[in-house]
Amino acid sequence: MDFISIILIAVALSMDSFSVCLTKGFTQKNIKSNQILYYGLVFGLFHIILPIIGYFAGEVITEFVVSVAPWIAFILLAVIGSNMIKESLENDEEEVSDKFSFKELLLLAIATSIDAFAIGITFALLDTSIILPAIITGIIVAMFSIVGILLGRKLGDYFGDKFLILGGVILILIGIKILLGL
């Protein structure tokens with residue numbers, strides 16, 4: 001596979017992570033620099049590891065992954081998004097909790113990297129090496145994730161706490177998009 005195609009695949013795989021990080025940026029006001037780096041590193045790492053795992057899984061589980069992966073991503077994103085909406089509605093008068101959660105970070109990383117797992121299977125079926133594409137994808141996802149949070153922080157400062165509801169809706173819509181294969 002040529003280099004331009006690998007870059008385009010990496011950018012396409014970055015879009016879900018970018019959207020999720022954009023949401024985190026405008027809903028988590030006090031996110032620290034090291035936490036922003038955690039998002040970039042964890043999202044990037046999952047986008048390196050899952051395509052490699054998918055590559056080795058190959059043809060053995062293709063049928064299973066194709067039918068179940070969208071549901072897993074949808075359920076994870078819907079649960080996280082619903083919790084964000086619920087938290088926003090419960091804390092309407094109070095300040096919205098914006099604590100960093102490593103557990104939530106891992107769930108988001110898994111949900112947004114399931115497509116990367118499927119890409120790994122695709123590379124195996126095409127008998128194409130996966131290491132370089134996985135590393136390139138991880139780096140691009142990490143960069144898009146960090147930019148997403150930074151951009152989201154700027155938007156959150158401008159629009160305020162009501163973005164928590166919008167953030168929850170965005171996560172649910174991303175899950176629906178994945179579920180429908182759009």
# chains A, B, ... in the order shown; residues from 1 in each chain; ligands from 1
$ residues_around --residues "Ile53 in chain A" --least-positions-apart "5" --cutoff "12 Å" --atoms "only C-alpha atoms" --output "MDAnalysis selection string"
chainID A and resid 46:48 58 61 113:114 116:124 130:131 134
$ write_last_selection --atoms "C-alpha atoms" --output "PDB file, in the first residue's frame"
ATOM      1  CA  PHE A  46      -4.584   1.953  21.039  1.00  0.00           C
ATOM      2  CA  HIS A  47      -4.475   2.901  17.356  1.00  0.00           C
ATOM      3  CA  ILE A  48      -1.074   1.224  17.109  1.00  0.00           C
ATOM      4  CA  GLY A  58      -6.853 -12.019  10.334  1.00  0.00           C
ATOM      5  CA  ILE A  61     -12.480 -13.804  13.215  1.00  0.00           C
ATOM      6  CA  SER A 113     -10.013   2.250  18.012  1.00  0.00           C
ATOM      7  CA  ILE A 114     -12.297  -0.646  17.107  1.00  0.00           C
ATOM      8  CA  ALA A 116      -8.432   0.330  13.651  1.00  0.00           C
ATOM      9  CA  PHE A 117      -8.757  -3.321  14.660  1.00  0.00           C
ATOM     10  CA  ALA A 118     -10.866  -3.934  11.555  1.00  0.00           C
ATOM     11  CA  ILE A 119      -8.283  -2.085   9.437  1.00  0.00           C
ATOM     12  CA  GLY A 120      -5.655  -4.491  10.781  1.00  0.00           C
ATOM     13  CA  ILE A 121      -7.748  -7.404   9.565  1.00  0.00           C
ATOM     14  CA  THR A 122      -8.050  -5.701   6.183  1.00  0.00           C
ATOM     15  CA  PHE A 123      -4.268  -5.347   5.966  1.00  0.00           C
ATOM     16  CA  ALA A 124      -3.916  -9.054   6.748  1.00  0.00           C
ATOM     17  CA  ILE A 130       0.938  -3.545   9.337  1.00  0.00           C
ATOM     18  CA  ILE A 131       3.779  -2.179  11.515  1.00  0.00           C
ATOM     19  CA  ALA A 134      -0.008   1.227  12.632  1.00  0.00           C
TER      20      ALA A 134
END
$ residues_around --residues "Leu150 in chain A" --least-positions-apart "2" --cutoff "9 Å" --atoms "only C-alpha atoms" --output "ChimeraX atom specification"
/A:21-22,25-26,36,145-148,152-155
$ residues_around --residues "Tyr38 in chain A" --least-positions-apart "3" --cutoff "10 Å" --atoms "only C-alpha atoms" --output "ChimeraX atom specification"
/A:32-35,41-44,102,105,142,145-146
$ write_last_selection --atoms "N, CA, C and O atoms" --output "CSV table (one decimal), in the first residue's frame"
chain,number,residue,atom,x,y,z
A,32,LYS,N,-5.5,19.3,32.7
A,32,LYS,CA,-4.1,19.7,32.8
A,32,LYS,C,-3.3,19.2,31.5
A,32,LYS,O,-3.7,18.3,30.8
A,33,SER,N,-2.2,19.8,31.3
A,33,SER,CA,-1.3,19.5,30.2
A,33,SER,C,-1.0,18.1,30.2
A,33,SER,O,-1.0,17.4,29.1
A,34,ASN,N,-0.6,17.5,31.3
A,34,ASN,CA,-0.2,16.1,31.3
A,34,ASN,C,-1.4,15.2,31.0
A,34,ASN,O,-1.3,14.1,30.3
A,35,GLN,N,-2.7,15.6,31.4
A,35,GLN,CA,-3.8,14.8,31.0
A,35,GLN,C,-4.1,14.9,29.5
A,35,GLN,O,-4.6,13.9,28.9
A,41,LEU,N,-1.5,10.1,24.0
A,41,LEU,CA,-0.7,8.9,24.1
A,41,LEU,C,-1.6,7.6,24.1
A,41,LEU,O,-1.3,6.7,23.4
A,42,VAL,N,-2.6,7.7,24.9
A,42,VAL,CA,-3.5,6.5,25.0
A,42,VAL,C,-4.3,6.2,23.7
A,42,VAL,O,-4.3,5.1,23.2
A,43,PHE,N,-4.9,7.3,23.2
A,43,PHE,CA,-5.6,7.1,21.9
A,43,PHE,C,-4.6,6.6,20.8
A,43,PHE,O,-4.9,5.7,20.0
A,44,GLY,N,-3.4,7.2,20.7
A,44,GLY,CA,-2.5,6.9,19.7
A,44,GLY,C,-2.0,5.4,19.9
A,44,GLY,O,-1.9,4.7,19.0
A,102,PHE,N,-9.2,8.0,34.3
A,102,PHE,CA,-8.4,7.1,33.5
A,102,PHE,C,-9.2,6.0,32.9
A,102,PHE,O,-9.1,5.5,31.8
A,105,LEU,N,-11.1,7.3,30.0
A,105,LEU,CA,-10.1,7.5,28.9
A,105,LEU,C,-9.9,6.1,28.2
A,105,LEU,O,-9.9,6.0,27.0
A,142,ALA,N,-2.7,10.5,17.8
A,142,ALA,CA,-2.3,11.3,19.0
A,142,ALA,C,-2.3,12.8,18.7
A,142,ALA,O,-2.8,13.5,19.6
A,145,SER,N,-5.9,14.0,18.5
A,145,SER,CA,-6.5,14.0,19.8
A,145,SER,C,-6.1,15.2,20.7
A,145,SER,O,-6.9,15.9,21.3
A,146,ILE,N,-4.8,15.5,20.7
A,146,ILE,CA,-4.3,16.7,21.4
A,146,ILE,C,-4.9,18.0,20.8
A,146,ILE,O,-5.4,18.8,21.6
